[in-house]
Amino acid sequence: MSTQHRPQPLPLDGITVVAVEQAVSAPFATRQLADLGARVIKVERRDGGDFARGYDTAARGLASHFVWANRGKESLAVDLKDPRGLEVVHRLVAEADVFVQNLAQGAAARLGLDAATLCARHPRLIAVDVSGYGAGGPYAHKRAYDMLVQCEAGLVSVTGTPEQPVKAGIPAADIAAAMYAFSGVLAALLRRGVTGLGGPVEISMLDSLAEWMGHPLHHVMHGGEPPARTGVAHAVIAPYDAYPTSDGGQVLLSVQNDREWRRLTEQVLSAPELADDPMFASNAARTANREKTDSVVAQALVSMNTEDAIIRLEAAGIACARLNSVADLAAHPQLAAQDRWREVESPAGPLRAMLPPIGLPGGPAPRMGAIPALGEHTDALLHALGMTDAQIAALRRDGVVA
């Protein structure tokens with residue numbers, strides 16, 4: 001069999017990850033690792049587990065955040081404040097390739113589970129500390145929930161309407177940190193393949209979101225004015241906004257140059273005279289006269305239903321999109337056509353889930369494993385460490401594991 005057609009394993013087959021994690025940032029990072037084939041052992045509090053399990057009951061009785069970020073993992077429910085429980089986790093880490101934690105600042109160090117301590121003890125281990133603001137500095141011990149970090153990073157200042165700043169509608173700081181933790185692990189695994197050594201990986205939510213703020217940050221640092229909040233409009237391009245249609249929908253369109261403006265006036269607005277009108281003939285003029293520009297576009301589109309508007313805009317070569325709801329996304333025809341949906345098992349039965357965005361054609365499908373019940377794998381993991389039924393029963397009796 002040629003190497004070109006030899007079956008490929010998932011990239012992280014054989015990699016074991018131990019994670020003392022909660023909420024979103026670390027769990028979403030380790031879910032990416034699980035999807036790519038890693039074995040992920042999720043260490044949870046025995047009394048309730050990851051607190052994200054209790055955020056809501058929207059997913060057939062399970063929390064939507066937890067369902068999203070925790071498929072494909074094994075759950076170990078253990079009391080880390082009990083030396084016997086902590087010893088179990090240290091024994092698991094000794095056999096792992098990767099350790100990830102996002103405990104409150106200082107908590108991991110008190111347990112000997114910080115990256116520096118673990119990497120000194122286990123030279124091949126890659127140990128990831130995910131924090132809100134980093135290990136040092138005046139904010140190191142500040143509570144760091146997603147919306148708070150969005151505010152500290154300035155994201156809220158550039159999001160919203162001229163009258164009202166708003167947070168992003170998704171946990172942007174958590175997701176940013178998760179994806180840098182994920183890519184940091186992959187980079188460290190590559191380095192270990194060359195040097196044989198692991199090492200610490202440090203990720204903070206503020207650093208991650210500050211990187212995503214790169215365009216407005218560099219604009220302001222180098223002499224520009226702070227970007228205006230413009231809702232769904234574009235600050236320096238017009239027309240570039242969402243406009244209502246006759247059936248109650250909204251269509252967003254974007255005119256990127258004057259040739260497109262001419263096509264829009266001729267083929268959609270039925271007002272070709274506006275193409276050369278000095279008030280609209282250039283993007284600078286349209287932006288300076290944004291209210292009038294938006295008005296002429298809105299008057300035309302409000303006479304059409306959403307589907308007709310999209311058809312006419314696309315026929316004219318104008319970039320456009322429906323302003324979809326979350327329910328519209330769940331039913332999006334492109335996701336269906338691309339076969340992006342699967343079912344994953346859970347304590348509540350099969351749940352619909354989307355394939356991860358990383359495609360690896362020619363290899364096996366991502367490992368979209370079950371969402372674990374709290375402590376579902378405790379006994380199996382303890383047996384694998386060599387404990388007897390009697391020893392495990394004693395730990396349960398004493399409240400060390402669940």
# chains A, B, ... in the order shown; residues from 1 in each chain; ligands from 1
$ residues_around --residues "A:Leu190" --least-positions-apart "5" --cutoff "12 Å" --atoms "only C-alpha atoms" --output "list in words"
Pro11, Leu12, Ile126, Ser183, Gly184, Val185, Thr195, Gly196, Leu197, Gly198 and Gly199 of chain A
$ select_by_dssp --residues "stretch 55-225 of chain A" --states "helix (DSSP H, G or I)" --output "ChimeraX atom specification"
/A:64-69,83-94,107-110,115-121,146-152,156-158,172-195,205-212,214-221
$ residues_around --residues "stretch 263-270 of chain A" --least-positions-apart "3" --cutoff "8 Å" --atoms "only C-alpha atoms" --output "list in words"
Arg259, Glu260, Glu273, Leu274, Ala275, Val296, Val297, Ala300, Leu301, Arg312, Leu313, Ala316, Gly317 and Ile318 of chain A
$ residues_around --residues "stretch 347-360 of chain A" --least-positions-apart "2" --cutoff "9 Å" --atoms "only C-alpha atoms" --output "PyMOL selection string"
chain A and resi 10+32+35-36+59-62+67-68+335+339-345+362-366+368+370-373
$ atom_distance --atom1 "atom CA of A:Thr159" --atom2 "atom CA of A:Gly231"
7.0 Å
$ closest_residue --among "A:Ala390, A:Ala52, A:Ala107, A:Ser157" --to "A:Ser64" --atoms "only C-alpha atoms"
A:Ala52
$ atom_distance --atom1 "atom CA of A:Arg124" --atom2 "atom CA of A:Val98"
8.9 Å
$ closest_residue --among "A:Ala337, A:Leu186, A:Ala235, A:Ala309" --to "A:Pro162" --atoms "only C-alpha atoms"
A:Ala235
$ closest_atom_pairs --of "stretch 297-386 of chain A" --to "stretch 83-91 of chain A" --cutoff "10 Å" --atoms "only C-alpha atoms" --output "tab-separated table"
residue	atom	partner	partner_atom	distance
A:Leu381	CA	A:Val88	CA	9.3
A:Leu382	CA	A:Val88	CA	7.8
A:Leu385	CA	A:Arg91	CA	7.7
